[in-house]
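S.K.: You'll find final_16.pdb just under this line, and it carries PDB, C-alpha atoms.
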ATOM      1  CA  MET A 827    -120.943 104.621  29.771  1.00  0.00           C
ATOM      2  CA  LYS A 828    -120.164 100.960  29.344  1.00  0.00           C
ATOM      3  CA  SER A 829    -121.258  98.550  32.018  1.00  0.00           C
ATOM      4  CA  LEU A 830    -120.302  95.028  32.902  1.00  0.00           C
ATOM      5  CA  VAL A 831    -123.969  94.157  32.746  1.00  0.00           C
ATOM      6  CA  PHE A 832    -124.020  95.204  29.097  1.00  0.00           C
ATOM      7  CA  TYR A 833    -121.899  92.135  28.422  1.00  0.00           C
ATOM      8  CA  VAL A 834    -122.800  89.742  31.225  1.00  0.00           C
ATOM      9  CA  SER A 835    -125.027  89.654  34.289  1.00  0.00           C
ATOM     10  CA  LEU A 836    -123.063  90.780  37.315  1.00  0.00           C
ATOM     11  CA  LEU A 837    -124.194  89.838  40.740  1.00  0.00           C
ATOM     12  CA  PHE A 838    -122.861  90.900  44.135  1.00  0.00           C
ATOM     13  CA  VAL A 839    -123.322  93.072  47.180  1.00  0.00           C
ATOM     14  CA  PHE A 840    -121.356  93.962  50.310  1.00  0.00           C
ATOM     15  CA  VAL A 841    -123.457  93.174  53.349  1.00  0.00           C
ATOM     16  CA  ALA A 842    -123.152  93.463  57.088  1.00  0.00           C
ATOM     17  CA  CYS A 843    -121.901  90.527  59.118  1.00  0.00           C
ATOM     18  CA  SER A 844    -124.122  89.236  61.868  1.00  0.00           C
ATOM     19  CA  GLU A 845    -123.832  86.829  64.761  1.00  0.00           C
ATOM     20  CA  SER A 846    -125.343  83.349  64.638  1.00  0.00           C
ATOM     21  CA  ASN A 847    -128.908  83.018  65.864  1.00  0.00           C
ATOM     22  CA  SER A 848    -131.743  80.505  65.919  1.00  0.00           C
ATOM     23  CA  GLU A 849    -132.326  80.966  62.186  1.00  0.00           C
ATOM     24  CA  ASP A 850    -128.785  79.677  61.549  1.00  0.00           C
ATOM     25  CA  LEU A 851    -129.708  76.436  63.326  1.00  0.00           C
ATOM     26  CA  GLU A 852    -132.707  76.021  61.054  1.00  0.00           C
ATOM     27  CA  HIS A 853    -130.484  76.586  58.023  1.00  0.00           C
ATOM     28  CA  GLN A 854    -127.991  73.994  59.264  1.00  0.00           C
ATOM     29  CA  VAL A 855    -130.768  71.410  59.598  1.00  0.00           C
ATOM     30  CA  VAL A 856    -131.806  71.971  55.984  1.00  0.00           C
ATOM     31  CA  ASN A 857    -128.185  71.628  54.859  1.00  0.00           C
ATOM     32  CA  LEU A 858    -127.819  68.311  56.683  1.00  0.00           C
ATOM     33  CA  GLU A 859    -130.907  67.011  54.935  1.00  0.00           C
ATOM     34  CA  ASN A 860    -129.522  68.106  51.543  1.00  0.00           C
ATOM     35  CA  PRO A 861    -125.751  67.487  51.860  1.00  0.00           C
ATOM     36  CA  ASN A 862    -125.155  67.269  48.102  1.00  0.00           C
ATOM     37  CA  ASN A 863    -127.601  69.914  46.917  1.00  0.00           C
ATOM     38  CA  PHE A 864    -125.598  73.122  47.282  1.00  0.00           C
ATOM     39  CA  TYR A 865    -127.686  75.037  44.730  1.00  0.00           C
ATOM     40  CA  ALA A 866    -131.044  73.786  46.089  1.00  0.00           C
ATOM     41  CA  LEU A 867    -131.917  72.160  42.775  1.00  0.00           C
ATOM     42  CA  THR A 868    -135.251  70.632  43.714  1.00  0.00           C
ATOM     43  CA  VAL A 869    -138.533  70.993  41.855  1.00  0.00           C
ATOM     44  CA  GLY A 870    -140.877  73.169  43.911  1.00  0.00           C
ATOM     45  CA  ASN A 871    -138.209  75.362  45.485  1.00  0.00           C
ATOM     46  CA  SER A 872    -138.855  79.086  45.196  1.00  0.00           C
ATOM     47  CA  TRP A 873    -137.186  82.398  46.026  1.00  0.00           C
ATOM     48  CA  VAL A 874    -138.379  86.008  46.117  1.00  0.00           C
ATOM     49  CA  TYR A 875    -135.890  88.852  45.637  1.00  0.00           C
ATOM     50  CA  LYS A 876    -136.394  92.573  46.156  1.00  0.00           C
ATOM     51  CA  ASN A 877    -134.413  95.144  44.162  1.00  0.00           C
ATOM     52  CA  TYR A 878    -132.693  98.169  45.703  1.00  0.00           C
ATOM     53  CA  LYS A 879    -131.284 101.143  43.775  1.00  0.00           C
ATOM     54  CA  TYR A 880    -128.229 103.185  44.737  1.00  0.00           C
ATOM     55  CA  ASN A 881    -128.990 106.773  45.763  1.00  0.00           C
ATOM     56  CA  ASN A 882    -126.173 109.132  44.807  1.00  0.00           C
ATOM     57  CA  PHE A 883    -127.275 111.763  47.326  1.00  0.00           C
ATOM     58  CA  THR A 884    -127.574 109.570  50.417  1.00  0.00           C
ATOM     59  CA  GLN A 885    -125.026 106.986  49.232  1.00  0.00           C
ATOM     60  CA  ASP A 886    -127.465 104.341  50.393  1.00  0.00           C
ATOM     61  CA  TYR A 887    -129.919 101.983  48.695  1.00  0.00           C
ATOM     62  CA  ASP A 888    -133.615 102.731  48.228  1.00  0.00           C
ATOM     63  CA  GLU A 889    -136.130  99.928  47.836  1.00  0.00           C
ATOM     64  CA  THR A 890    -137.720  99.821  44.389  1.00  0.00           C
ATOM     65  CA  THR A 891    -141.038  98.303  43.361  1.00  0.00           C
ATOM     66  CA  VAL A 892    -139.280  95.590  41.347  1.00  0.00           C
ATOM     67  CA  ILE A 893    -139.727  92.041  42.622  1.00  0.00           C
ATOM     68  CA  ASP A 894    -138.234  88.901  41.063  1.00  0.00           C
ATOM     69  CA  SER A 895    -140.038  85.664  41.911  1.00  0.00           C
ATOM     70  CA  VAL A 896    -137.961  82.602  41.002  1.00  0.00           C
ATOM     71  CA  SER A 897    -139.077  78.977  41.139  1.00  0.00           C
ATOM     72  CA  ILE A 898    -138.038  75.555  39.856  1.00  0.00           C
ATOM     73  CA  VAL A 899    -141.035  74.354  37.893  1.00  0.00           C
ATOM     74  CA  GLY A 900    -139.748  71.082  36.461  1.00  0.00           C
ATOM     75  CA  THR A 901    -136.927  69.232  34.753  1.00  0.00           C
ATOM     76  CA  GLU A 902    -136.077  68.705  31.118  1.00  0.00           C
ATOM     77  CA  LEU A 903    -133.652  66.509  29.174  1.00  0.00           C
ATOM     78  CA  ILE A 904    -131.436  68.544  26.858  1.00  0.00           C
ATOM     79  CA  SER A 905    -129.040  66.507  24.700  1.00  0.00           C
ATOM     80  CA  GLY A 906    -129.636  63.622  27.075  1.00  0.00           C
ATOM     81  CA  VAL A 907    -128.703  65.634  30.174  1.00  0.00           C
ATOM     82  CA  LYS A 908    -131.154  66.541  32.946  1.00  0.00           C
ATOM     83  CA  TYR A 909    -131.627  70.257  33.625  1.00  0.00           C
ATOM     84  CA  PHE A 910    -133.820  72.039  36.140  1.00  0.00           C
ATOM     85  CA  LYS A 911    -136.259  74.506  34.625  1.00  0.00           C
ATOM     86  CA  PHE A 912    -136.163  77.861  36.431  1.00  0.00           C
ATOM     87  CA  ARG A 913    -139.002  80.346  36.021  1.00  0.00           C
ATOM     88  CA  ARG A 914    -138.466  83.997  36.872  1.00  0.00           C
ATOM     89  CA  PHE A 915    -141.463  86.313  36.981  1.00  0.00           C
ATOM     90  CA  THR A 916    -140.700  90.018  37.395  1.00  0.00           C
ATOM     91  CA  THR A 917    -143.200  92.675  38.442  1.00  0.00           C
ATOM     92  CA  GLY A 918    -142.982  96.357  39.363  1.00  0.00           C
ATOM     93  CA  ASN A 919    -140.548  97.505  36.689  1.00  0.00           C
ATOM     94  CA  ASP A 920    -143.046  99.698  34.849  1.00  0.00           C
ATOM     95  CA  ASN A 921    -140.458 102.486  34.584  1.00  0.00           C
ATOM     96  CA  ASN A 922    -137.785 100.212  33.094  1.00  0.00           C
ATOM     97  CA  ILE A 923    -135.263 100.849  35.854  1.00  0.00           C
ATOM     98  CA  THR A 924    -131.732 100.425  34.564  1.00  0.00           C
ATOM     99  CA  PHE A 925    -130.275  96.950  35.235  1.00  0.00           C
ATOM    100  CA  CYS A 926    -133.501  95.577  36.738  1.00  0.00           C
ATOM    101  CA  ASN A 927    -135.139  92.684  34.931  1.00  0.00           C
ATOM    102  CA  GLN A 928    -137.963  93.549  32.588  1.00  0.00           C
ATOM    103  CA  ASN A 929    -141.507  92.759  33.670  1.00  0.00           C
ATOM    104  CA  GLY A 930    -142.735  89.361  32.625  1.00  0.00           C
ATOM    105  CA  GLU A 931    -141.747  85.719  32.515  1.00  0.00           C
ATOM    106  CA  TYR A 932    -138.309  84.274  31.772  1.00  0.00           C
ATOM    107  CA  PHE A 933    -137.092  80.653  31.757  1.00  0.00           C
ATOM    108  CA  GLU A 934    -133.610  79.266  32.315  1.00  0.00           C
ATOM    109  CA  TYR A 935    -132.250  75.704  32.383  1.00  0.00           C
ATOM    110  CA  LEU A 936    -129.571  74.904  34.976  1.00  0.00           C
ATOM    111  CA  ARG A 937    -127.779  71.884  36.426  1.00  0.00           C
ATOM    112  CA  GLU A 938    -124.930  71.102  38.810  1.00  0.00           C
ATOM    113  CA  ASN A 939    -121.707  69.613  37.469  1.00  0.00           C
ATOM    114  CA  ASP A 940    -118.710  69.002  39.766  1.00  0.00           C
ATOM    115  CA  GLY A 941    -119.597  71.969  41.966  1.00  0.00           C
ATOM    116  CA  ASN A 942    -120.449  74.240  39.044  1.00  0.00           C
ATOM    117  CA  LEU A 943    -123.872  75.729  38.306  1.00  0.00           C
ATOM    118  CA  VAL A 944    -124.124  75.346  34.526  1.00  0.00           C
ATOM    119  CA  ASN A 945    -126.762  76.474  32.014  1.00  0.00           C
ATOM    120  CA  ASP A 946    -127.897  74.634  28.893  1.00  0.00           C
ATOM    121  CA  ALA A 947    -125.323  76.512  26.791  1.00  0.00           C
ATOM    122  CA  GLY A 948    -122.504  75.136  28.947  1.00  0.00           C
ATOM    123  CA  LYS A 949    -121.882  78.485  30.658  1.00  0.00           C
ATOM    124  CA  VAL A 950    -120.745  78.295  34.291  1.00  0.00           C
ATOM    125  CA  LYS A 951    -122.784  80.735  36.384  1.00  0.00           C
ATOM    126  CA  PHE A 952    -121.043  79.965  39.662  1.00  0.00           C
ATOM    127  CA  SER A 953    -118.506  77.495  41.053  1.00  0.00           C
ATOM    128  CA  ASN A 954    -118.308  76.418  44.676  1.00  0.00           C
ATOM    129  CA  SER A 955    -115.046  74.481  44.259  1.00  0.00           C
ATOM    130  CA  ASP A 956    -112.874  75.924  41.471  1.00  0.00           C
ATOM    131  CA  PHE A 957    -110.539  78.658  42.731  1.00  0.00           C
ATOM    132  CA  SER A 958    -108.790  79.234  39.412  1.00  0.00           C
ATOM    133  CA  GLN A 959    -109.262  82.434  37.425  1.00  0.00           C
ATOM    134  CA  ARG A 960    -112.162  81.911  35.039  1.00  0.00           C
ATOM    135  CA  LEU A 961    -112.542  83.836  31.790  1.00  0.00           C
ATOM    136  CA  ILE A 962    -116.029  85.314  31.449  1.00  0.00           C
ATOM    137  CA  LEU A 963    -115.702  87.568  28.419  1.00  0.00           C
ATOM    138  CA  ASP A 964    -113.004  88.823  26.091  1.00  0.00           C
ATOM    139  CA  ALA A 965    -114.136  92.137  24.561  1.00  0.00           C
ATOM    140  CA  ASP A 966    -112.540  94.919  22.517  1.00  0.00           C
ATOM    141  CA  TRP A 967    -112.230  97.171  25.562  1.00  0.00           C
ATOM    142  CA  GLY A 968    -110.902  94.530  27.950  1.00  0.00           C
ATOM    143  CA  THR A 969    -111.458  91.183  29.618  1.00  0.00           C
ATOM    144  CA  ILE A 970    -113.763  90.009  32.406  1.00  0.00           C
ATOM    145  CA  TYR A 971    -112.592  87.374  34.885  1.00  0.00           C
ATOM    146  CA  GLU A 972    -114.083  85.683  37.923  1.00  0.00           C
ATOM    147  CA  ASN A 973    -112.494  84.031  40.960  1.00  0.00           C
ATOM    148  CA  LEU A 974    -113.947  82.020  43.824  1.00  0.00           C
ATOM    149  CA  ILE A 975    -112.792  83.495  47.151  1.00  0.00           C
ATOM    150  CA  SER A 976    -111.718  81.272  50.056  1.00  0.00           C
ATOM    151  CA  GLY A 977    -113.556  81.456  53.367  1.00  0.00           C
ATOM    152  CA  THR A 978    -117.171  82.124  54.335  1.00  0.00           C
ATOM    153  CA  SER A 979    -119.252  85.128  55.386  1.00  0.00           C
ATOM    154  CA  GLN A 980    -122.308  85.452  57.614  1.00  0.00           C
ATOM    155  CA  LEU A 981    -124.810  87.527  55.656  1.00  0.00           C
ATOM    156  CA  ASN A 982    -128.012  89.004  57.029  1.00  0.00           C
ATOM    157  CA  VAL A 983    -130.924  89.673  54.664  1.00  0.00           C
ATOM    158  CA  GLU A 984    -134.689  89.980  54.957  1.00  0.00           C
ATOM    159  CA  ALA A 985    -135.028  86.196  54.607  1.00  0.00           C
ATOM    160  CA  GLY A 986    -132.636  85.484  57.493  1.00  0.00           C
ATOM    161  CA  THR A 987    -128.956  84.909  58.221  1.00  0.00           C
ATOM    162  CA  PHE A 988    -126.924  82.689  55.896  1.00  0.00           C
ATOM    163  CA  THR A 989    -123.406  81.296  55.790  1.00  0.00           C
ATOM    164  CA  CYS A 990    -122.159  82.131  52.295  1.00  0.00           C
ATOM    165  CA  ILE A 991    -119.245  81.705  49.963  1.00  0.00           C
ATOM    166  CA  ASN A 992    -118.629  84.232  47.219  1.00  0.00           C
ATOM    167  CA  SER A 993    -116.791  84.884  44.008  1.00  0.00           C
ATOM    168  CA  GLU A 994    -115.479  88.156  42.642  1.00  0.00           C
ATOM    169  CA  ARG A 995    -115.833  89.336  39.063  1.00  0.00           C
ATOM    170  CA  TYR A 996    -113.748  92.159  37.654  1.00  0.00           C
ATOM    171  CA  ALA A 997    -112.709  93.768  34.376  1.00  0.00           C
ATOM    172  CA  ILE A 998    -109.181  94.362  33.105  1.00  0.00           C
ATOM    173  CA  THR A 999    -108.585  96.891  30.324  1.00  0.00           C
ATOM    174  CA  GLU A1000    -106.351  96.300  27.323  1.00  0.00           C
ATOM    175  CA  ASN A1001    -103.676  98.281  29.190  1.00  0.00           C
ATOM    176  CA  GLY A1002    -103.817  95.878  32.131  1.00  0.00           C
ATOM    177  CA  ASP A1003    -105.675  98.202  34.510  1.00  0.00           C
ATOM    178  CA  GLN A1004    -108.441  96.809  36.714  1.00  0.00           C
ATOM    179  CA  LEU A1005    -111.605  98.894  36.530  1.00  0.00           C
ATOM    180  CA  ALA A1006    -113.497 100.039  39.623  1.00  0.00           C
ATOM    181  CA  GLY A1007    -116.475  97.727  39.235  1.00  0.00           C
ATOM    182  CA  LEU A1008    -115.875  94.668  41.431  1.00  0.00           C
ATOM    183  CA  ASP A1009    -118.802  92.285  41.387  1.00  0.00           C
ATOM    184  CA  LYS A1010    -119.525  89.672  44.017  1.00  0.00           C
ATOM    185  CA  PHE A1011    -121.836  86.663  44.039  1.00  0.00           C
ATOM    186  CA  TYR A1012    -122.982  85.221  47.366  1.00  0.00           C
ATOM    187  CA  TYR A1013    -124.382  81.666  47.575  1.00  0.00           C
ATOM    188  CA  SER A1014    -125.346  79.588  50.602  1.00  0.00           C
ATOM    189  CA  ASP A1015    -125.133  75.803  50.787  1.00  0.00           C
ATOM    190  CA  GLY A1016    -128.588  74.307  50.328  1.00  0.00           C
ATOM    191  CA  PHE A1017    -130.223  77.667  49.597  1.00  0.00           C
ATOM    192  CA  GLY A1018    -128.682  78.979  46.376  1.00  0.00           C
ATOM    193  CA  LEU A1019    -128.295  82.663  45.558  1.00  0.00           C
ATOM    194  CA  ILE A1020    -128.625  85.063  48.498  1.00  0.00           C
ATOM    195  CA  TYR A1021    -127.462  88.399  46.980  1.00  0.00           C
ATOM    196  CA  ASP A1022    -126.720  89.738  43.567  1.00  0.00           C
ATOM    197  CA  THR A1023    -125.917  93.161  42.173  1.00  0.00           C
ATOM    198  CA  GLN A1024    -125.388  94.945  38.885  1.00  0.00           C
ATOM    199  CA  SER A1025    -122.827  97.699  38.463  1.00  0.00           C
ATOM    200  CA  PHE A1026    -121.421 100.239  36.076  1.00  0.00           C
ATOM    201  CA  VAL A1027    -117.935  99.180  35.078  1.00  0.00           C
ATOM    202  CA  VAL A1028    -116.395 102.469  36.275  1.00  0.00           C
ATOM    203  CA  SER A1029    -118.238 102.627  39.609  1.00  0.00           C
ATOM    204  CA  ALA A1030    -117.073 101.170  42.907  1.00  0.00           C
ATOM    205  CA  TYR A1031    -120.707 100.987  44.082  1.00  0.00           C
ATOM    206  CA  PRO A1032    -123.307  98.559  42.732  1.00  0.00           C
ATOM    207  CA  TYR A1033    -126.180 100.382  41.038  1.00  0.00           C
ATOM    208  CA  ILE A1034    -128.806  97.710  41.721  1.00  0.00           C
ATOM    209  CA  ILE A1035    -128.706  95.077  44.427  1.00  0.00           C
ATOM    210  CA  ARG A1036    -131.124  92.229  44.983  1.00  0.00           C
ATOM    211  CA  ARG A1037    -131.654  90.638  48.375  1.00  0.00           C
ATOM    212  CA  LEU A1038    -133.372  87.391  49.164  1.00  0.00           C
ATOM    213  CA  ASP A1039    -136.649  88.433  50.769  1.00  0.00           C
ATOM    214  CA  SER A1040    -138.247  85.014  51.280  1.00  0.00           C
ATOM    215  CA  TYR A1041    -137.862  81.421  50.149  1.00  0.00           C
ATOM    216  CA  ASP A1042    -139.499  78.000  50.228  1.00  0.00           C
ATOM    217  CA  ILE A1043    -137.018  75.103  50.155  1.00  0.00           C
ATOM    218  CA  GLN A1044    -138.419  71.574  49.848  1.00  0.00           C
TER
END
Before we go any further, please render this structure as structure tokens.
M.R.:
Amino acid sequence: MKSLVFYVSLLFVFVACSESNSEDLEHQVVNLENPNNFYALTVGNSWVYKNYKYNNFTQDYDETTVIDSVSIVGTELISGVKYFKFRRFTTGNDNNITFCNQNGEYFEYLRENDGNLVNDAGKVKFSNSDFSQRLILDADWGTIYENLISGTSQLNVEAGTFTCINSERYAITENGDQLAGLDKFYYSDGFGLIYDTQSFVVSAYPYIIRRLDSYDIQ
């Protein structure tokens, strides 16, 4: 079975809406202090994500032992351009759970450019301002696109309640049919990624979801 993740990392999850609370006020204060830092690109910032696996019998998500700890450990000039060095350290995936990151350390270089989160290869990971259809991958079996969706959502996770924007990623076959896998990416201004998921291309349900469990924003 082919999966979108086989070609590109797919991140999204449907989550319950929640009413504003005191945590929202704290989030708003941080945003005011960092008005131009949507992706929280500051050395020393860190995030911890827990992974949850879809259970076919209960049609719910079970917590796994996989934990992704992400931090910005420095900056680096690449071709004269400043990038932030992200370190991801994954533990708990001793059984090599499908779509979860492998145990160990991984580095990625990212920067912000006109509202886009861009890696050192020039690939846009997310856009908070471009609503046009963006080509992600053109493969033999079909094409993957992504669109930023207008409006915001209040999302509740273990780390708190966040006001998010999201994009949708989907696959179109050579015959023009959209496949069932619809991926969503949720980001919050001043906090970065809040949810991500990975899905089989033919399934309407994400197989793995990650939720922000805790964070430390400078």
S.K.: Apply the PyMOL selection byres ((chain A and resi 926-929) around 9) to the structure shown and report the selected residues as an MDAnalysis selection string.
M.R.: chainID A and resid 877 892:894 915:920 922:925 930:931 1024 1034
S.K.: If the PyMOL selection byres ((chain A and resi 932) around 6) were run on this exact file, what residues would it hold? Put them as an mmCIF file with C-alpha atoms, in the coordinates of the input.
M.R.:
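The resulting result_27.cif:
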data_model
loop_
_atom_site.group_PDB
_atom_site.id
_atom_site.type_symbol
_atom_site.label_atom_id
_atom_site.label_comp_id
_atom_site.auth_asym_id
_atom_site.auth_seq_id
_atom_site.Cartn_x
_atom_site.Cartn_y
_atom_site.Cartn_z
ATOM 1 C CA ARG A 913 -139.002 80.346 36.021
ATOM 2 C CA ARG A 914 -138.466 83.997 36.872
ATOM 3 C CA GLU A 931 -141.747 85.719 32.515
ATOM 4 C CA PHE A 933 -137.092 80.653 31.757
#
S.K.: Kindly indicate which residue among A:Tyr875, A:Phe988, A:Phe1026, A:Phe1017 lies nearest to Leu1005 in chain A, using only C-alpha atoms for the distances.
M.R.: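 Answer, going by the shortest atom-to-atom distance: A:Phe1026.
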S.K.: Need to verify the contact set: Ile975 in chain A, 8 Å, all atoms listed in the file, exclusion of same-chain residues closer than 3 positions in sequence. Can you return it as a PyMOL selection string?
M.R.: chain A and resi 957+991-994
S.K.: Starting from the displayed file, determine the output of the PyMOL selection byres ((chain A and resi 869) around 7) and express the residue list as an mmCIF file with C-alpha atoms, in the frame of the given file.
M.R.:
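Generated file (expr21.cif):
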data_model
loop_
_atom_site.group_PDB
_atom_site.id
_atom_site.type_symbol
_atom_site.label_atom_id
_atom_site.label_comp_id
_atom_site.auth_asym_id
_atom_site.auth_seq_id
_atom_site.Cartn_x
_atom_site.Cartn_y
_atom_site.Cartn_z
ATOM 1 C CA LEU A 867 -131.917 72.160 42.775
ATOM 2 C CA THR A 868 -135.251 70.632 43.714
ATOM 3 C CA GLY A 870 -140.877 73.169 43.911
ATOM 4 C CA ASN A 871 -138.209 75.362 45.485
ATOM 5 C CA ILE A 898 -138.038 75.555 39.856
ATOM 6 C CA VAL A 899 -141.035 74.354 37.893
ATOM 7 C CA GLY A 900 -139.748 71.082 36.461
#
S.K.: For Asn954 in chain A, which of A:Ser895, A:Gln980, A:Asn863, A:Thr901 is the closest residue, counting all atoms listed in the file?
M.R.: A:Asn863
S.K.: If I only want range 963-990 of chain A, can you write it with N, CA and C atoms, as an mmCIF file, in the first residue's frame?
M.R.:
data_model
loop_
_atom_site.group_PDB
_atom_site.id
_atom_site.type_symbol
_atom_site.label_atom_id
_atom_site.label_comp_id
_atom_site.auth_asym_id
_atom_site.auth_seq_id
_atom_site.Cartn_x
_atom_site.Cartn_y
_atom_site.Cartn_z
ATOM 1 N N LEU A 963 4.698 17.271 -4.828
ATOM 2 C CA LEU A 963 5.362 16.157 -5.506
ATOM 3 C C LEU A 963 4.565 15.733 -6.728
ATOM 4 N N ASP A 964 5.288 15.467 -7.797
ATOM 5 C CA ASP A 964 4.680 14.933 -9.014
ATOM 6 C C ASP A 964 5.251 13.535 -9.226
ATOM 7 N N ALA A 965 4.429 12.504 -8.985
ATOM 8 C CA ALA A 965 4.880 11.116 -9.052
ATOM 9 C C ALA A 965 4.165 10.376 -10.176
ATOM 10 N N ASP A 966 4.602 9.140 -10.428
ATOM 11 C CA ASP A 966 3.997 8.332 -11.487
ATOM 12 C C ASP A 966 2.522 8.064 -11.220
ATOM 13 N N TRP A 967 2.168 7.872 -9.956
ATOM 14 C CA TRP A 967 0.804 7.504 -9.601
ATOM 15 C C TRP A 967 -0.128 8.691 -9.427
ATOM 16 N N GLY A 968 0.450 9.902 -9.317
ATOM 17 C CA GLY A 968 -0.380 11.081 -9.111
ATOM 18 C C GLY A 968 0.433 12.266 -8.622
ATOM 19 N N THR A 969 -0.262 13.269 -8.133
ATOM 20 C CA THR A 969 0.371 14.517 -7.725
ATOM 21 C C THR A 969 -0.110 14.918 -6.338
ATOM 22 N N ILE A 970 0.811 15.470 -5.544
ATOM 23 C CA ILE A 970 0.476 15.941 -4.200
ATOM 24 C C ILE A 970 0.498 17.468 -4.187
ATOM 25 N N TYR A 971 -0.559 18.051 -3.647
ATOM 26 C CA TYR A 971 -0.673 19.504 -3.533
ATOM 27 C C TYR A 971 -0.922 19.887 -2.077
ATOM 28 N N GLU A 972 -0.695 21.180 -1.801
ATOM 29 C CA GLU A 972 -0.995 21.701 -0.470
ATOM 30 C C GLU A 972 -1.587 23.091 -0.588
ATOM 31 N N ASN A 973 -2.565 23.389 0.258
ATOM 32 C CA ASN A 973 -3.206 24.701 0.297
ATOM 33 C C ASN A 973 -3.315 25.206 1.726
ATOM 34 N N LEU A 974 -3.015 26.487 1.928
ATOM 35 C CA LEU A 974 -3.293 27.132 3.203
ATOM 36 C C LEU A 974 -4.788 27.427 3.272
ATOM 37 N N ILE A 975 -5.405 27.141 4.418
ATOM 38 C CA ILE A 975 -6.835 27.327 4.614
ATOM 39 C C ILE A 975 -7.080 28.623 5.389
ATOM 40 N N SER A 976 -8.084 29.396 4.966
ATOM 41 C CA SER A 976 -8.390 30.649 5.654
ATOM 42 C C SER A 976 -9.056 30.375 7.002
ATOM 43 N N GLY A 977 -8.903 31.308 7.919
ATOM 44 C CA GLY A 977 -9.521 31.177 9.234
ATOM 45 C C GLY A 977 -8.596 30.539 10.249
ATOM 46 N N THR A 978 -9.038 30.519 11.504
ATOM 47 C CA THR A 978 -8.256 29.946 12.601
ATOM 48 C C THR A 978 -9.084 28.919 13.363
ATOM 49 N N SER A 979 -8.386 28.092 14.136
ATOM 50 C CA SER A 979 -9.029 27.077 14.975
ATOM 51 C C SER A 979 -8.426 27.137 16.369
ATOM 52 N N GLN A 980 -9.256 26.897 17.379
ATOM 53 C CA GLN A 980 -8.774 26.759 18.749
ATOM 54 C C GLN A 980 -8.523 25.278 19.003
ATOM 55 N N LEU A 981 -7.266 24.922 19.205
ATOM 56 C CA LEU A 981 -6.903 23.521 19.398
ATOM 57 C C LEU A 981 -6.415 23.280 20.819
ATOM 58 N N ASN A 982 -6.876 22.178 21.389
ATOM 59 C CA ASN A 982 -6.518 21.827 22.759
ATOM 60 C C ASN A 982 -5.638 20.587 22.746
ATOM 61 N N VAL A 983 -4.421 20.720 23.281
ATOM 62 C CA VAL A 983 -3.499 19.586 23.385
ATOM 63 C C VAL A 983 -2.961 19.530 24.802
ATOM 64 N N GLU A 984 -2.107 18.554 25.063
ATOM 65 C CA GLU A 984 -1.539 18.393 26.400
ATOM 66 C C GLU A 984 -0.786 19.644 26.856
ATOM 67 N N ALA A 985 -0.192 20.372 25.919
ATOM 68 C CA ALA A 985 0.596 21.552 26.265
ATOM 69 C C ALA A 985 -0.257 22.792 26.495
ATOM 70 N N GLY A 986 -1.559 22.725 26.178
ATOM 71 C CA GLY A 986 -2.427 23.877 26.371
ATOM 72 C C GLY A 986 -3.370 24.090 25.204
ATOM 73 N N THR A 987 -3.959 25.278 25.150
ATOM 74 C CA THR A 987 -4.883 25.653 24.088
ATOM 75 C C THR A 987 -4.222 26.698 23.202
ATOM 76 N N PHE A 988 -4.301 26.497 21.886
ATOM 77 C CA PHE A 988 -3.600 27.350 20.936
ATOM 78 C C PHE A 988 -4.531 27.785 19.809
ATOM 79 N N THR A 989 -4.370 29.028 19.384
ATOM 80 C CA THR A 989 -5.044 29.512 18.184
ATOM 81 C C THR A 989 -4.165 29.171 16.990
ATOM 82 N N CYS A 990 -4.703 28.391 16.060
ATOM 83 C CA CYS A 990 -3.891 27.848 14.965
ATOM 84 C C CYS A 990 -4.446 28.209 13.599
#
